[in-house]
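**Student:** Let me give you the structure first, and then I'll get to my questions.
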Amino acid sequence: MGFFDAIKRWRLAQKGLSSGKKRRIHSENALVQALEDSIWVKISLYATFAVGSGVLVLRASPDTTFALDPIKGALYGFIIAIMAIVMFQVSLQASCRRNSRVVLVLGGVIVHLMVVRLIMGLADLGTIPEIFRFFFVPFALAPMLHGVLLGRAVGAFSAIYVTLIGCLLVPQSEVLPFMILSMVGGISCVLLTNQVRKRSQLLRTGIYVGLITLLLGIILGRLDVISIFGTDSIIQLQLLAMGSGAAVGTAVLTALIISGLLPIFEGLFHLTTDISWLELSDLNHKLLRQMQLEAPGTFHHSLVVAALAEAAAENVQANAPMCRVCAYFHDVGKLKKPGYFIENQTDGVENPHDTLTPTMSALIIIAHVKDGIDLAVKYKLNPRIIDVIQEHHGDSLVYYFYRRAQDQKRTELEKVDRGLENPEDLPVVEEKNFRYPGTRPSTRESGIIALADSIESASRSLQKPTPSKIRALVDEIVRSKINDGQLDDCPLTLRELAIVKDSFSNTLRSMLHSRIDYPKDDSQAAKRLSNNERSDANAGGQVIPMPKRA
Ligand SMILES: [Fe+2]
Ligand SMILES: [Fe+2]
């Protein structure tokens, strides 16, 4: 197919109908997508998890609760696994939509349980001192991995189910201590790794979880601290040192292994952790450096959009580091024709749009989305960045050139009325030709960036900004986006939108601080605004309301 496409492009290029280049697009492999969405694959994964849990209990140590009746034990394991699947399906919808996530979560739980079984086996063989067997269990393994990669809820899910099924794998007399250690260790690990942004934080979490395990071990009588003051204090001290080393060492080693494996998991499961987003936010990326030199206006605009979006995302608990990185790259497509975008035009230099028809101008402006995707695919940017490039204008209207085209048509129409022009020469102005191709923002982060983008662009023309003018501008932009249906596919709630608007106003106010003109009766104006008594004049005439979609 590729070969025939190339010949077709070459023939069109010969006729002058094509540039001969192929635009890169971002799409998933069809087979991978089918496997990701297949309900049968999902059912098979669930069945494997449930049966696997049962088999693990069946093969447990001879001194476990169901040692005399292993079939009954396996059945208990199977039932708890079914409960886990039901909980997973009901409350973790977002995580289980893709089958690869199911593999990551349920596979992680099974691997964690296999490690528990292995440690119990080694303790039975005497390789590990029996009294310390729990200090060698990596309680943080699945909860930390899932918490960092998929969020707190999935981490807590892992902590609960590795504990419940794990209870069937430990000696009968040790069920309660294991339950407490595993649950407290797992949950505290999830809480400590919430929004972890540096690898060193993972290591710190490992140390804390190790210390918590040690403390609980002492409380539960696994280590006898008092007897170190007794007669055989040397032996007791040795035991204490060994136990402490095992507890902290195991937890730290678990954190180190997870930290090392994270990039592999991120690549395999198409996930990006906050740690990676922070690493990606380096402004020295080749494309950003090029933007700084060739499109300095766009570069500055992207930095401001990043600041606005990051602060707003932080306030609604959306992914703030992701917002920052995606905002840096959202207008990267403008690099193809930087001079055609207002932020890169300088006074005294001719505006290239002056010599173009409005339709042609709109085409060039709209093309920056596809050019951006093309560049992002070429430079192998993160797929979430590509989604934001695709969605940041939704299918909105390039209003300025649409209005100019209508004005031109009106002038031509007057000429026709006066008999100066042939009616057949009238230009056709269709709204759809002035709209971006879409798609509309589909995530909260994408929606926040789309809003921040429009607000930053509009704020540049704000004359003598005052806090109330800024607030009115933010309100107007958000309202026009909603009216145009641009946020219809975005999961931002009205409450979140209100918080986002507050955040935008505050950030913009601090950014425009040097330009802000504080009028004496500003508090009155703000009061009037909050009472919805605002007249359109308060908007400062800065925002052109978008036409409502038909
Ligand atoms: Fe843009
Ligand atoms: Fe932009």
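Chain labels follow the order of the structure tokens: the first chain is A, the next B, and so on; residue numbering restarts at 1 in every chain, and ligands are counted from 1 in their shown order.
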Using only C-alpha atoms and all ligand atoms, what table do you get, as a tab-separated table, when you list each residue of chain A with an atom no more than 9 Å from ligand 1, its nearest pair of atoms, and their distance in Å rounded to one decimal, rows by chain then rising number?
**Tutor:**
```
residue	atom	partner	partner_atom_place_in_ligand_line	distance
A:His330	CA	ligand 1	1 (Fe)	6.4
A:Asp331	CA	ligand 1	1 (Fe)	4.7
A:Val332	CA	ligand 1	1 (Fe)	8.2
A:Gly333	CA	ligand 1	1 (Fe)	7.9
A:Lys334	CA	ligand 1	1 (Fe)	7.7
A:Ile365	CA	ligand 1	1 (Fe)	8.4
A:Ile366	CA	ligand 1	1 (Fe)	8.3
A:His368	CA	ligand 1	1 (Fe)	6.8
A:Val369	CA	ligand 1	1 (Fe)	6.6
A:Gly372	CA	ligand 1	1 (Fe)	8.9
A:Ile389	CA	ligand 1	1 (Fe)	7.5
A:His392	CA	ligand 1	1 (Fe)	6.4
A:His393	CA	ligand 1	1 (Fe)	6.3
A:Ala450	CA	ligand 1	1 (Fe)	8.6
A:Asp453	CA	ligand 1	1 (Fe)	7.4
A:Ser454	CA	ligand 1	1 (Fe)	8.8
```
**Student:** Taking N, CA and C atoms for each residue, export the selection above as a PDB file, in the first residue's frame.
**Tutor:**
```
ATOM      1  N   HIS A 330       1.697  22.833  22.519  1.00  0.00           N
ATOM      2  CA  HIS A 330       0.397  22.818  21.845  1.00  0.00           C
ATOM      3  C   HIS A 330       0.390  23.545  20.498  1.00  0.00           C
ATOM      4  N   ASP A 331       1.207  24.596  20.359  1.00  0.00           N
ATOM      5  CA  ASP A 331       1.214  25.368  19.106  1.00  0.00           C
ATOM      6  C   ASP A 331       2.474  25.133  18.289  1.00  0.00           C
ATOM      7  N   VAL A 332       3.079  23.962  18.461  1.00  0.00           N
ATOM      8  CA  VAL A 332       4.352  23.694  17.798  1.00  0.00           C
ATOM      9  C   VAL A 332       4.208  23.739  16.260  1.00  0.00           C
ATOM     10  N   GLY A 333       2.964  23.505  15.783  1.00  0.00           N
ATOM     11  CA  GLY A 333       2.709  23.528  14.341  1.00  0.00           C
ATOM     12  C   GLY A 333       2.913  24.901  13.724  1.00  0.00           C
ATOM     13  N   LYS A 334       2.903  25.944  14.561  1.00  0.00           N
ATOM     14  CA  LYS A 334       3.083  27.307  14.028  1.00  0.00           C
ATOM     15  C   LYS A 334       4.508  27.515  13.531  1.00  0.00           C
ATOM     16  N   ILE A 365      -4.041  29.288   8.956  1.00  0.00           N
ATOM     17  CA  ILE A 365      -4.155  29.278  10.426  1.00  0.00           C
ATOM     18  C   ILE A 365      -4.564  27.884  10.912  1.00  0.00           C
ATOM     19  N   ILE A 366      -5.602  27.323  10.241  1.00  0.00           N
ATOM     20  CA  ILE A 366      -6.127  26.011  10.652  1.00  0.00           C
ATOM     21  C   ILE A 366      -5.060  24.927  10.516  1.00  0.00           C
ATOM     22  N   HIS A 368      -2.107  24.800  11.314  1.00  0.00           N
ATOM     23  CA  HIS A 368      -1.094  24.648  12.366  1.00  0.00           C
ATOM     24  C   HIS A 368      -1.387  23.455  13.284  1.00  0.00           C
ATOM     25  N   VAL A 369      -2.659  23.013  13.300  1.00  0.00           N
ATOM     26  CA  VAL A 369      -3.000  21.838  14.115  1.00  0.00           C
ATOM     27  C   VAL A 369      -2.395  20.584  13.477  1.00  0.00           C
ATOM     28  N   GLY A 372       1.287  20.621  13.540  1.00  0.00           N
ATOM     29  CA  GLY A 372       1.750  20.312  14.906  1.00  0.00           C
ATOM     30  C   GLY A 372       1.796  18.814  15.136  1.00  0.00           C
ATOM     31  N   ILE A 389      -2.528  18.678  21.071  1.00  0.00           N
ATOM     32  CA  ILE A 389      -2.337  19.478  19.845  1.00  0.00           C
ATOM     33  C   ILE A 389      -3.592  19.343  18.977  1.00  0.00           C
ATOM     34  N   HIS A 392      -6.747  21.230  20.922  1.00  0.00           N
ATOM     35  CA  HIS A 392      -6.744  22.516  21.618  1.00  0.00           C
ATOM     36  C   HIS A 392      -7.618  23.591  20.969  1.00  0.00           C
ATOM     37  N   HIS A 393      -7.981  23.417  19.692  1.00  0.00           N
ATOM     38  CA  HIS A 393      -8.938  24.366  19.089  1.00  0.00           C
ATOM     39  C   HIS A 393     -10.299  23.708  18.864  1.00  0.00           C
ATOM     40  N   ALA A 450      -7.241  24.227  26.338  1.00  0.00           N
ATOM     41  CA  ALA A 450      -7.994  24.945  25.300  1.00  0.00           C
ATOM     42  C   ALA A 450      -8.497  26.291  25.838  1.00  0.00           C
ATOM     43  N   ASP A 453      -5.541  28.693  26.465  1.00  0.00           N
ATOM     44  CA  ASP A 453      -5.043  29.167  25.168  1.00  0.00           C
ATOM     45  C   ASP A 453      -5.853  30.372  24.693  1.00  0.00           C
ATOM     46  N   SER A 454      -7.182  30.226  24.708  1.00  0.00           N
ATOM     47  CA  SER A 454      -8.039  31.332  24.239  1.00  0.00           C
ATOM     48  C   SER A 454      -7.913  32.536  25.158  1.00  0.00           C
TER      49      SER A 454
END
```
**Student:** Using only C-alpha atoms, which protein or nucleic acid residues come within 10 Å of Asp224 in chain A? Drop anything in the same chain fewer than 6 positions from it, and give the result as a list of chain:residue names.
**Tutor:** A:Gly217, A:Ile218, A:Gln236, A:Leu237, A:Leu239, A:Leu240
**Student:** Counting only C-alpha atoms, what is within 9 Å of Thr65 in chain A, bar same-chain residues fewer than 6 positions away, as a list in words?
**Tutor:**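 Everything that qualifies: Gly73, Cys167, Leu168, Leu169, Val170, Pro171, Gln172, Ser173 and Val175 of chain A.
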**Student:** Of the candidates A:Val41, A:Val137, A:Val500, A:Ala367, which shows the shortest atom-to-atom distance to Met120 in chain A, using only C-alpha atoms?
**Tutor:** A:Val137
**Student:** From the set A:Leu494, A:Leu508, A:Leu35, A:Leu12, which residue has the shortest atom-to-atom contact distance to Pro467 in chain A, counting only C-alpha atoms?
**Tutor:**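 Checking each candidate against Pro467 in chain A, we get A:Leu508 as the closest.
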**Student:** Could you state the separation of CA of Phe265 in chain A and CA of Gly107 in chain A in Å, given to one decimal place?
**Tutor:**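 Separating CA of Phe265 in chain A from CA of Gly107 in chain A is a distance of 12.4 Å.
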